[in-house]
Amino acid sequence: MARDRDPVSPPVALTIAGSDAGGGAGIQADLKAMTAHGVFGTAVVTATTAQNTRGVEDVHVVPADHVASQYDAVIEDFDVGAVKTGMLATAPIVETAAGLLARCSAPVVVDPVMVAATGDRLLSPAAEEAYEGVIERATLVTPNADEAAVLVDEPVETPADAEAAGRELVARGAGAALVKGGHLSGDGDRVVDTLVIGGRGEGDEAGDGDEAGDDDEAGTDPTVVRIENPRVATDATHGSGCALSSAIAARLARGEPLRGAVADAVDEMGTAIRRGYDVGDGPGAVNPTAFDDGR
């Protein structure tokens, strides 16, 4: 006997990023994190990589016009509630992404994939410079300390440096900046992530964290929130930036306010790391399906 369909209509999010053949990062991690939040994930592939838990062996960049075609195909058919960007690979793709996001009305989370775990720069100077156009379109930008240093051209080594970098990114046009604290100096048992919310961000009262600044009467002074969590002792953090930015994008697609979405996703990152995947011969990867109680 035939059964009737029982479809669901989840929120939709879009990732613009590279593919990780090993499955631990890139669009693979993005889509897992979105699914864990009950969000339907769509993807625009910027590059394919031949990589595994031990490292990257080869990269094939997708032509910029095909990146635009993928984006148009998704936007024409889906009601996209949020967009995130990851690996943009080259100056033409960065410039293309900036143009696409300029006509995007949904919230945009920018994960500026610029520095490898080894500390090597991943983008050409021209591509780094072109990122200014993407930052200006960001509802939220989520650099780690190394990436924040590239973006603001200043060292980022302490929580105070992270706050200064976040303020500078907001001054350059981002709605808000989350400078991740995993690579900062300080207490080795704690991770301090710094969220700076500017005029285009949402200074709501949701979420945890200690405020280090308040809006002035005109609402022009950024709000600074520090989110502190225990450090998980592991080097299996592959895909952590991808998963976190995608978790935030998924929450924004669900209609959650920015500050609460960031705080909850950051708090859940510890679970994603503790329950990481022990696969392959390398350090392994975070577990994006552990976000949002693995719903």
# chains A, B, ... in the order shown; residues from 1 in each chain; ligands from 1
>>> residues_around(residues="His60 (chain A)", least_positions_apart="5", cutoff="9 Å", atoms="only C-alpha atoms", output="list of chain:residue names")
A:Thr46, A:Ala47, A:Thr48, A:Thr49, A:Ala50
>>> residues_around(residues="Gly284 (chain A)", least_positions_apart="3", cutoff="12 Å", atoms="only C-alpha atoms", output="PyMOL selection string")
chain A and resi 22-25+52-55+234-240+273-281+287
>>> residues_around(residues="Gly81 (chain A)", least_positions_apart="6", cutoff="6 Å", atoms="only C-alpha atoms", output="VMD selection string")
chain A and resid 12 to 13 106 253
>>> write_last_selection(atoms="all heavy atoms", output="short mmCIF file (atom, residue, chain, number, x, y, z; two decimals), in the first residue's frame")
data_model
loop_
_atom_site.label_atom_id
_atom_site.label_comp_id
_atom_site.auth_asym_id
_atom_site.auth_seq_id
_atom_site.Cartn_x
_atom_site.Cartn_y
_atom_site.Cartn_z
N VAL A 12 17.03 27.28 4.69
CA VAL A 12 18.09 26.97 3.73
C VAL A 12 19.27 27.89 3.97
O VAL A 12 19.12 29.09 4.21
CB VAL A 12 17.58 27.14 2.28
CG1 VAL A 12 18.71 26.87 1.28
CG2 VAL A 12 16.40 26.22 2.01
N ALA A 13 20.46 27.31 3.94
CA ALA A 13 21.70 28.09 4.02
C ALA A 13 22.59 27.71 2.85
O ALA A 13 22.44 26.63 2.26
CB ALA A 13 22.43 27.86 5.34
N ALA A 106 20.41 38.22 2.39
CA ALA A 106 20.49 37.36 3.57
C ALA A 106 21.73 37.69 4.39
O ALA A 106 22.69 38.27 3.88
CB ALA A 106 20.53 35.89 3.13
N ALA A 253 20.10 31.48 9.65
CA ALA A 253 19.06 31.05 8.70
C ALA A 253 17.78 30.67 9.43
O ALA A 253 16.68 30.81 8.88
CB ALA A 253 19.57 29.89 7.86
#
>>> select_by_dssp(residues="region 101-269 of chain A", states="strand (DSSP E)", output="PDB file with all heavy atoms, in the first residue's frame")
ATOM      1  N   VAL A 108      25.336  37.275   5.974  1.00  0.00           N
ATOM      2  CA  VAL A 108      26.532  36.680   5.390  1.00  0.00           C
ATOM      3  C   VAL A 108      27.584  36.487   6.477  1.00  0.00           C
ATOM      4  O   VAL A 108      27.968  37.439   7.158  1.00  0.00           O
ATOM      5  CB  VAL A 108      27.106  37.571   4.269  1.00  0.00           C
ATOM      6  CG1 VAL A 108      28.424  36.993   3.749  1.00  0.00           C
ATOM      7  CG2 VAL A 108      26.106  37.728   3.134  1.00  0.00           C
ATOM      8  N   VAL A 109      28.048  35.253   6.642  1.00  0.00           N
ATOM      9  CA  VAL A 109      29.128  34.933   7.575  1.00  0.00           C
ATOM     10  C   VAL A 109      30.376  34.651   6.752  1.00  0.00           C
ATOM     11  O   VAL A 109      30.376  33.749   5.909  1.00  0.00           O
ATOM     12  CB  VAL A 109      28.776  33.710   8.444  1.00  0.00           C
ATOM     13  CG1 VAL A 109      29.930  33.379   9.392  1.00  0.00           C
ATOM     14  CG2 VAL A 109      27.495  33.961   9.231  1.00  0.00           C
ATOM     15  N   VAL A 110      31.435  35.409   6.991  1.00  0.00           N
ATOM     16  CA  VAL A 110      32.674  35.275   6.228  1.00  0.00           C
ATOM     17  C   VAL A 110      33.739  34.621   7.099  1.00  0.00           C
ATOM     18  O   VAL A 110      34.167  35.185   8.107  1.00  0.00           O
ATOM     19  CB  VAL A 110      33.170  36.650   5.731  1.00  0.00           C
ATOM     20  CG1 VAL A 110      34.553  36.521   5.083  1.00  0.00           C
ATOM     21  CG2 VAL A 110      32.166  37.246   4.750  1.00  0.00           C
ATOM     22  N   LEU A 140      28.920  39.070   9.638  1.00  0.00           N
ATOM     23  CA  LEU A 140      29.888  38.631  10.641  1.00  0.00           C
ATOM     24  C   LEU A 140      31.103  38.071   9.930  1.00  0.00           C
ATOM     25  O   LEU A 140      30.965  37.305   8.979  1.00  0.00           O
ATOM     26  CB  LEU A 140      29.274  37.540  11.535  1.00  0.00           C
ATOM     27  CG  LEU A 140      30.207  36.856  12.539  1.00  0.00           C
ATOM     28  CD1 LEU A 140      30.544  37.817  13.680  1.00  0.00           C
ATOM     29  CD2 LEU A 140      29.589  35.580  13.079  1.00  0.00           C
ATOM     30  N   VAL A 141      32.288  38.438  10.388  1.00  0.00           N
ATOM     31  CA  VAL A 141      33.530  37.851   9.893  1.00  0.00           C
ATOM     32  C   VAL A 141      34.168  37.093  11.049  1.00  0.00           C
ATOM     33  O   VAL A 141      34.152  37.558  12.190  1.00  0.00           O
ATOM     34  CB  VAL A 141      34.470  38.926   9.306  1.00  0.00           C
ATOM     35  CG1 VAL A 141      34.800  40.003  10.325  1.00  0.00           C
ATOM     36  CG2 VAL A 141      35.733  38.295   8.748  1.00  0.00           C
ATOM     37  N   ALA A 176      29.827  42.728  12.247  1.00  0.00           N
ATOM     38  CA  ALA A 176      30.390  42.233  13.499  1.00  0.00           C
ATOM     39  C   ALA A 176      31.603  41.383  13.169  1.00  0.00           C
ATOM     40  O   ALA A 176      31.773  40.926  12.034  1.00  0.00           O
ATOM     41  CB  ALA A 176      29.361  41.415  14.279  1.00  0.00           C
ATOM     42  N   ALA A 177      32.449  41.168  14.172  1.00  0.00           N
ATOM     43  CA  ALA A 177      33.643  40.340  13.997  1.00  0.00           C
ATOM     44  C   ALA A 177      33.806  39.430  15.204  1.00  0.00           C
ATOM     45  O   ALA A 177      33.709  39.893  16.348  1.00  0.00           O
ATOM     46  CB  ALA A 177      34.889  41.209  13.830  1.00  0.00           C
ATOM     47  N   LEU A 178      34.023  38.161  14.936  1.00  0.00           N
ATOM     48  CA  LEU A 178      34.358  37.186  15.977  1.00  0.00           C
ATOM     49  C   LEU A 178      35.806  36.784  15.772  1.00  0.00           C
ATOM     50  O   LEU A 178      36.124  36.055  14.826  1.00  0.00           O
ATOM     51  CB  LEU A 178      33.449  35.953  15.891  1.00  0.00           C
ATOM     52  CG  LEU A 178      33.795  34.815  16.847  1.00  0.00           C
ATOM     53  CD1 LEU A 178      33.530  35.220  18.296  1.00  0.00           C
ATOM     54  CD2 LEU A 178      33.017  33.553  16.494  1.00  0.00           C
ATOM     55  N   VAL A 179      36.693  37.271  16.635  1.00  0.00           N
ATOM     56  CA  VAL A 179      38.108  36.909  16.544  1.00  0.00           C
ATOM     57  C   VAL A 179      38.324  35.723  17.484  1.00  0.00           C
ATOM     58  O   VAL A 179      38.238  35.844  18.702  1.00  0.00           O
ATOM     59  CB  VAL A 179      39.023  38.086  16.921  1.00  0.00           C
ATOM     60  CG1 VAL A 179      40.488  37.678  16.760  1.00  0.00           C
ATOM     61  CG2 VAL A 179      38.716  39.297  16.027  1.00  0.00           C
ATOM     62  N   ARG A 190      42.050  27.976  29.060  1.00  0.00           N
ATOM     63  CA  ARG A 190      40.840  28.645  28.615  1.00  0.00           C
ATOM     64  C   ARG A 190      41.026  29.202  27.200  1.00  0.00           C
ATOM     65  O   ARG A 190      42.132  29.550  26.799  1.00  0.00           O
ATOM     66  CB  ARG A 190      40.473  29.818  29.545  1.00  0.00           C
ATOM     67  CG  ARG A 190      40.441  29.478  31.022  1.00  0.00           C
ATOM     68  CD  ARG A 190      39.265  28.583  31.363  1.00  0.00           C
ATOM     69  NE  ARG A 190      37.974  29.250  31.225  1.00  0.00           N
ATOM     70  CZ  ARG A 190      36.803  28.654  31.454  1.00  0.00           C
ATOM     71  NH1 ARG A 190      36.780  27.377  31.822  1.00  0.00           N
ATOM     72  NH2 ARG A 190      35.675  29.311  31.326  1.00  0.00           N
ATOM     73  N   VAL A 191      39.932  29.253  26.466  1.00  0.00           N
ATOM     74  CA  VAL A 191      39.915  29.901  25.151  1.00  0.00           C
ATOM     75  C   VAL A 191      38.989  31.110  25.245  1.00  0.00           C
ATOM     76  O   VAL A 191      37.839  30.979  25.669  1.00  0.00           O
ATOM     77  CB  VAL A 191      39.420  28.947  24.050  1.00  0.00           C
ATOM     78  CG1 VAL A 191      39.304  29.692  22.718  1.00  0.00           C
ATOM     79  CG2 VAL A 191      40.361  27.763  23.910  1.00  0.00           C
ATOM     80  N   VAL A 192      39.502  32.267  24.871  1.00  0.00           N
ATOM     81  CA  VAL A 192      38.712  33.490  24.899  1.00  0.00           C
ATOM     82  C   VAL A 192      38.460  33.946  23.470  1.00  0.00           C
ATOM     83  O   VAL A 192      39.393  34.334  22.761  1.00  0.00           O
ATOM     84  CB  VAL A 192      39.417  34.605  25.702  1.00  0.00           C
ATOM     85  CG1 VAL A 192      38.569  35.876  25.690  1.00  0.00           C
ATOM     86  CG2 VAL A 192      39.697  34.158  27.125  1.00  0.00           C
ATOM     87  N   ASP A 193      37.206  33.878  23.045  1.00  0.00           N
ATOM     88  CA  ASP A 193      36.800  34.377  21.743  1.00  0.00           C
ATOM     89  C   ASP A 193      36.187  35.760  21.935  1.00  0.00           C
ATOM     90  O   ASP A 193      35.416  35.982  22.879  1.00  0.00           O
ATOM     91  CB  ASP A 193      35.778  33.440  21.102  1.00  0.00           C
ATOM     92  CG  ASP A 193      36.351  32.056  20.853  1.00  0.00           C
ATOM     93  OD1 ASP A 193      37.330  31.954  20.105  1.00  0.00           O
ATOM     94  OD2 ASP A 193      35.815  31.077  21.408  1.00  0.00           O
ATOM     95  N   THR A 194      36.514  36.684  21.046  1.00  0.00           N
ATOM     96  CA  THR A 194      36.079  38.068  21.192  1.00  0.00           C
ATOM     97  C   THR A 194      35.125  38.445  20.076  1.00  0.00           C
ATOM     98  O   THR A 194      35.480  38.410  18.900  1.00  0.00           O
ATOM     99  CB  THR A 194      37.295  39.016  21.172  1.00  0.00           C
ATOM    100  OG1 THR A 194      38.205  38.635  22.215  1.00  0.00           O
ATOM    101  CG2 THR A 194      36.853  40.459  21.403  1.00  0.00           C
ATOM    102  N   LEU A 195      33.901  38.810  20.469  1.00  0.00           N
ATOM    103  CA  LEU A 195      32.875  39.227  19.521  1.00  0.00           C
ATOM    104  C   LEU A 195      32.698  40.739  19.612  1.00  0.00           C
ATOM    105  O   LEU A 195      32.411  41.274  20.689  1.00  0.00           O
ATOM    106  CB  LEU A 195      31.547  38.528  19.827  1.00  0.00           C
ATOM    107  CG  LEU A 195      30.328  38.977  19.017  1.00  0.00           C
ATOM    108  CD1 LEU A 195      30.518  38.653  17.536  1.00  0.00           C
ATOM    109  CD2 LEU A 195      29.058  38.309  19.562  1.00  0.00           C
ATOM    110  N   VAL A 196      32.893  41.422  18.500  1.00  0.00           N
ATOM    111  CA  VAL A 196      32.696  42.865  18.422  1.00  0.00           C
ATOM    112  C   VAL A 196      31.510  43.114  17.495  1.00  0.00           C
ATOM    113  O   VAL A 196      31.532  42.700  16.333  1.00  0.00           O
ATOM    114  CB  VAL A 196      33.947  43.587  17.883  1.00  0.00           C
ATOM    115  CG1 VAL A 196      33.708  45.092  17.803  1.00  0.00           C
ATOM    116  CG2 VAL A 196      35.159  43.287  18.767  1.00  0.00           C
ATOM    117  N   ILE A 197      30.468  43.754  18.013  1.00  0.00           N
ATOM    118  CA  ILE A 197      29.237  43.989  17.257  1.00  0.00           C
ATOM    119  C   ILE A 197      29.127  45.477  16.959  1.00  0.00           C
ATOM    120  O   ILE A 197      29.076  46.302  17.873  1.00  0.00           O
ATOM    121  CB  ILE A 197      27.997  43.524  18.039  1.00  0.00           C
ATOM    122  CG1 ILE A 197      28.137  42.054  18.458  1.00  0.00           C
ATOM    123  CG2 ILE A 197      26.734  43.718  17.203  1.00  0.00           C
ATOM    124  CD1 ILE A 197      27.043  41.581  19.393  1.00  0.00           C
ATOM    125  N   ASP A 210      30.866  37.934  28.886  1.00  0.00           N
ATOM    126  CA  ASP A 210      31.025  39.157  29.647  1.00  0.00           C
ATOM    127  C   ASP A 210      31.225  40.324  28.710  1.00  0.00           C
ATOM    128  O   ASP A 210      32.095  40.297  27.846  1.00  0.00           O
ATOM    129  CB  ASP A 210      32.251  39.056  30.569  1.00  0.00           C
ATOM    130  CG  ASP A 210      32.063  37.962  31.607  1.00  0.00           C
ATOM    131  OD1 ASP A 210      30.918  37.760  32.040  1.00  0.00           O
ATOM    132  OD2 ASP A 210      33.071  37.324  31.958  1.00  0.00           O
ATOM    133  N   GLU A 211      30.423  41.368  28.891  1.00  0.00           N
ATOM    134  CA  GLU A 211      30.562  42.541  28.052  1.00  0.00           C
ATOM    135  C   GLU A 211      31.781  43.331  28.463  1.00  0.00           C
ATOM    136  O   GLU A 211      32.013  43.586  29.632  1.00  0.00           O
ATOM    137  CB  GLU A 211      29.314  43.424  28.147  1.00  0.00           C
ATOM    138  CG  GLU A 211      28.100  42.794  27.491  1.00  0.00           C
ATOM    139  CD  GLU A 211      26.964  43.775  27.332  1.00  0.00           C
ATOM    140  OE1 GLU A 211      27.193  44.982  27.521  1.00  0.00           O
ATOM    141  OE2 GLU A 211      25.855  43.335  27.010  1.00  0.00           O
ATOM    142  N   ALA A 212      32.571  43.751  27.470  1.00  0.00           N
ATOM    143  CA  ALA A 212      33.738  44.584  27.731  1.00  0.00           C
ATOM    144  C   ALA A 212      33.527  45.996  27.222  1.00  0.00           C
ATOM    145  O   ALA A 212      34.414  46.813  27.237  1.00  0.00           O
ATOM    146  CB  ALA A 212      34.969  43.982  27.056  1.00  0.00           C
ATOM    147  N   GLY A 213      32.321  46.275  26.750  1.00  0.00           N
ATOM    148  CA  GLY A 213      32.007  47.607  26.264  1.00  0.00           C
ATOM    149  C   GLY A 213      30.524  47.708  26.029  1.00  0.00           C
ATOM    150  O   GLY A 213      29.826  46.718  25.887  1.00  0.00           O
ATOM    151  N   THR A 223      29.745  47.093  20.582  1.00  0.00           N
ATOM    152  CA  THR A 223      29.626  46.277  21.786  1.00  0.00           C
ATOM    153  C   THR A 223      30.640  45.141  21.694  1.00  0.00           C
ATOM    154  O   THR A 223      30.776  44.501  20.649  1.00  0.00           O
ATOM    155  CB  THR A 223      28.207  45.691  21.900  1.00  0.00           C
ATOM    156  OG1 THR A 223      27.271  46.762  22.046  1.00  0.00           O
ATOM    157  CG2 THR A 223      28.096  44.748  23.083  1.00  0.00           C
ATOM    158  N   VAL A 224      31.354  44.893  22.778  1.00  0.00           N
ATOM    159  CA  VAL A 224      32.369  43.845  22.810  1.00  0.00           C
ATOM    160  C   VAL A 224      31.953  42.787  23.825  1.00  0.00           C
ATOM    161  O   VAL A 224      31.670  43.104  24.982  1.00  0.00           O
ATOM    162  CB  VAL A 224      33.756  44.409  23.173  1.00  0.00           C
ATOM    163  CG1 VAL A 224      34.795  43.290  23.193  1.00  0.00           C
ATOM    164  CG2 VAL A 224      34.161  45.506  22.187  1.00  0.00           C
ATOM    165  N   VAL A 225      31.901  41.549  23.390  1.00  0.00           N
ATOM    166  CA  VAL A 225      31.531  40.426  24.244  1.00  0.00           C
ATOM    167  C   VAL A 225      32.645  39.394  24.199  1.00  0.00           C
ATOM    168  O   VAL A 225      33.078  38.996  23.105  1.00  0.00           O
ATOM    169  CB  VAL A 225      30.206  39.778  23.777  1.00  0.00           C
ATOM    170  CG1 VAL A 225      29.820  38.623  24.701  1.00  0.00           C
ATOM    171  CG2 VAL A 225      29.093  40.810  23.708  1.00  0.00           C
ATOM    172  N   ARG A 226      33.128  38.985  25.365  1.00  0.00           N
ATOM    173  CA  ARG A 226      34.138  37.927  25.425  1.00  0.00           C
ATOM    174  C   ARG A 226      33.464  36.628  25.851  1.00  0.00           C
ATOM    175  O   ARG A 226      32.781  36.577  26.865  1.00  0.00           O
ATOM    176  CB  ARG A 226      35.256  38.313  26.397  1.00  0.00           C
ATOM    177  CG  ARG A 226      36.058  39.518  25.913  1.00  0.00           C
ATOM    178  CD  ARG A 226      37.367  39.671  26.674  1.00  0.00           C
ATOM    179  NE  ARG A 226      38.090  40.820  26.169  1.00  0.00           N
ATOM    180  CZ  ARG A 226      38.091  42.026  26.728  1.00  0.00           C
ATOM    181  NH1 ARG A 226      37.391  42.218  27.833  1.00  0.00           N
ATOM    182  NH2 ARG A 226      38.763  43.026  26.201  1.00  0.00           N
ATOM    183  N   ILE A 227      33.677  35.583  25.072  1.00  0.00           N
ATOM    184  CA  ILE A 227      33.077  34.277  25.331  1.00  0.00           C
ATOM    185  C   ILE A 227      34.205  33.329  25.715  1.00  0.00           C
ATOM    186  O   ILE A 227      35.103  33.061  24.914  1.00  0.00           O
ATOM    187  CB  ILE A 227      32.334  33.762  24.092  1.00  0.00           C
ATOM    188  CG1 ILE A 227      31.339  34.812  23.588  1.00  0.00           C
ATOM    189  CG2 ILE A 227      31.613  32.454  24.410  1.00  0.00           C
ATOM    190  CD1 ILE A 227      30.750  34.497  22.228  1.00  0.00           C
ATOM    191  N   GLU A 228      34.156  32.845  26.939  1.00  0.00           N
ATOM    192  CA  GLU A 228      35.263  32.060  27.484  1.00  0.00           C
ATOM    193  C   GLU A 228      34.819  30.620  27.722  1.00  0.00           C
ATOM    194  O   GLU A 228      33.763  30.366  28.296  1.00  0.00           O
ATOM    195  CB  GLU A 228      35.730  32.698  28.793  1.00  0.00           C
ATOM    196  CG  GLU A 228      37.076  32.219  29.265  1.00  0.00           C
ATOM    197  CD  GLU A 228      37.621  33.076  30.402  1.00  0.00           C
ATOM    198  OE1 GLU A 228      37.270  34.261  30.478  1.00  0.00           O
ATOM    199  OE2 GLU A 228      38.396  32.519  31.215  1.00  0.00           O
ATOM    200  N   ASN A 229      35.628  29.675  27.271  1.00  0.00           N
ATOM    201  CA  ASN A 229      35.312  28.258  27.425  1.00  0.00           C
ATOM    202  C   ASN A 229      36.575  27.470  27.748  1.00  0.00           C
ATOM    203  O   ASN A 229      37.689  27.901  27.430  1.00  0.00           O
ATOM    204  CB  ASN A 229      34.695  27.705  26.137  1.00  0.00           C
ATOM    205  CG  ASN A 229      33.247  28.121  25.940  1.00  0.00           C
ATOM    206  OD1 ASN A 229      32.372  27.665  26.668  1.00  0.00           O
ATOM    207  ND2 ASN A 229      33.006  28.999  24.979  1.00  0.00           N
ATOM    208  N   PRO A 230      36.443  26.299  28.368  1.00  0.00           N
ATOM    209  CA  PRO A 230      37.624  25.459  28.622  1.00  0.00           C
ATOM    210  C   PRO A 230      38.261  25.014  27.320  1.00  0.00           C
ATOM    211  O   PRO A 230      37.569  24.721  26.346  1.00  0.00           O
ATOM    212  CB  PRO A 230      37.052  24.258  29.395  1.00  0.00           C
ATOM    213  CG  PRO A 230      35.721  24.708  29.909  1.00  0.00           C
ATOM    214  CD  PRO A 230      35.204  25.711  28.920  1.00  0.00           C
TER     215      PRO A 230
END
>>> residues_around(residues="Arg121 (chain A)", least_positions_apart="3", cutoff="12 Å", atoms="only C-alpha atoms", output="ChimeraX atom specification")
/A:89,112-118,124-125,127-128,146-147,149-151
>>> residues_around(residues="Ala91 (chain A)", least_positions_apart="5", cutoff="12 Å", atoms="only C-alpha atoms", output="PyMOL selection string")
chain A and resi 46+61+63-64+96-98+114+122-134
>>> write_last_selection(atoms="N, CA and C atoms", output="compact mmCIF listing (two decimals), in the first residue's frame")
# COMPACT_ATOMS: atom_id res chain seq x y z
N THR A 46 34.25 26.36 -4.82
CA THR A 46 35.26 27.27 -5.37
C THR A 46 36.52 26.54 -5.82
N VAL A 61 41.39 24.87 -8.83
CA VAL A 61 40.50 26.01 -8.63
C VAL A 61 39.44 26.03 -9.72
N PRO A 63 36.81 27.86 -12.18
CA PRO A 63 36.76 29.19 -12.82
C PRO A 63 35.75 30.10 -12.13
N ALA A 64 36.09 31.37 -12.03
CA ALA A 64 35.25 32.32 -11.31
C ALA A 64 33.86 32.44 -11.92
N THR A 96 34.70 38.00 -7.35
CA THR A 96 33.39 37.50 -7.77
C THR A 96 32.47 37.35 -6.58
N ALA A 97 32.98 36.79 -5.48
CA ALA A 97 32.18 36.62 -4.28
C ALA A 97 31.69 37.96 -3.75
N ALA A 98 32.56 38.96 -3.75
CA ALA A 98 32.17 40.29 -3.29
C ALA A 98 31.01 40.83 -4.12
N MET A 114 42.69 32.14 5.10
CA MET A 114 43.86 32.85 4.58
C MET A 114 45.19 32.26 5.00
N LEU A 122 47.87 31.48 2.40
CA LEU A 122 47.21 30.68 1.37
C LEU A 122 46.80 31.49 0.16
N LEU A 123 46.76 32.82 0.29
CA LEU A 123 46.29 33.68 -0.78
C LEU A 123 47.39 34.60 -1.28
N SER A 124 47.28 35.00 -2.52
CA SER A 124 48.20 35.98 -3.07
C SER A 124 47.92 37.34 -2.45
N PRO A 125 48.88 38.27 -2.51
CA PRO A 125 48.62 39.63 -2.01
C PRO A 125 47.40 40.26 -2.67
N ALA A 126 47.19 40.01 -3.96
CA ALA A 126 46.04 40.57 -4.66
C ALA A 126 44.73 40.02 -4.09
N ALA A 127 44.71 38.73 -3.77
CA ALA A 127 43.51 38.13 -3.20
C ALA A 127 43.25 38.66 -1.80
N GLU A 128 44.31 38.82 -1.00
CA GLU A 128 44.15 39.38 0.34
C GLU A 128 43.58 40.79 0.27
N GLU A 129 44.07 41.57 -0.67
CA GLU A 129 43.58 42.95 -0.82
C GLU A 129 42.12 42.95 -1.27
N ALA A 130 41.76 42.02 -2.14
CA ALA A 130 40.39 41.96 -2.64
C ALA A 130 39.40 41.60 -1.54
N TYR A 131 39.88 41.01 -0.45
CA TYR A 131 39.00 40.61 0.64
C TYR A 131 38.27 41.79 1.27
N GLU A 132 38.81 43.00 1.08
CA GLU A 132 38.13 44.17 1.62
C GLU A 132 36.69 44.23 1.13
N GLY A 133 36.47 43.88 -0.15
CA GLY A 133 35.12 43.91 -0.70
C GLY A 133 34.20 42.89 -0.07
N VAL A 134 34.74 41.74 0.34
CA VAL A 134 33.95 40.71 1.00
C VAL A 134 33.64 41.12 2.44
>>> select_by_dssp(residues="region 51-220 of chain A", states="alpha helix (DSSP H)", output="MDAnalysis selection string")
chainID A and resid 64:77 91:102 125:135 145:152 159:171
>>> closest_atom_pairs(of="region 213-265 of chain A", to="region 28-31 of chain A", cutoff="9 Å", atoms="only C-alpha atoms", output="JSON lines")
{"residue": "A:Gly239", "atom": "CA", "partner": "A:Ala29", "partner_atom": "CA", "distance": 6.4}
{"residue": "A:Ser240", "atom": "CA", "partner": "A:Ala29", "partner_atom": "CA", "distance": 8.5}
{"residue": "A:Cys242", "atom": "CA", "partner": "A:Asp30", "partner_atom": "CA", "distance": 6.0}
{"residue": "A:Ala243", "atom": "CA", "partner": "A:Asp30", "partner_atom": "CA", "distance": 5.5}
{"residue": "A:Leu244", "atom": "CA", "partner": "A:Asp30", "partner_atom": "CA", "distance": 8.5}
{"residue": "A:Ser245", "atom": "CA", "partner": "A:Asp30", "partner_atom": "CA", "distance": 8.1}
{"residue": "A:Ser246", "atom": "CA", "partner": "A:Asp30", "partner_atom": "CA", "distance": 5.3}
{"residue": "A:Ala247", "atom": "CA", "partner": "A:Asp30", "partner_atom": "CA", "distance": 7.8}
>>> atom_distance(atom1="CA of Thr158 (chain A)", atom2="CA of Thr85 (chain A)")
25.9 Å
>>> closest_residue(among="A:Ala165, A:Pro143, A:Arg103, A:Val8", to="Gly38 (chain A)", atoms="only C-alpha atoms")
A:Val8
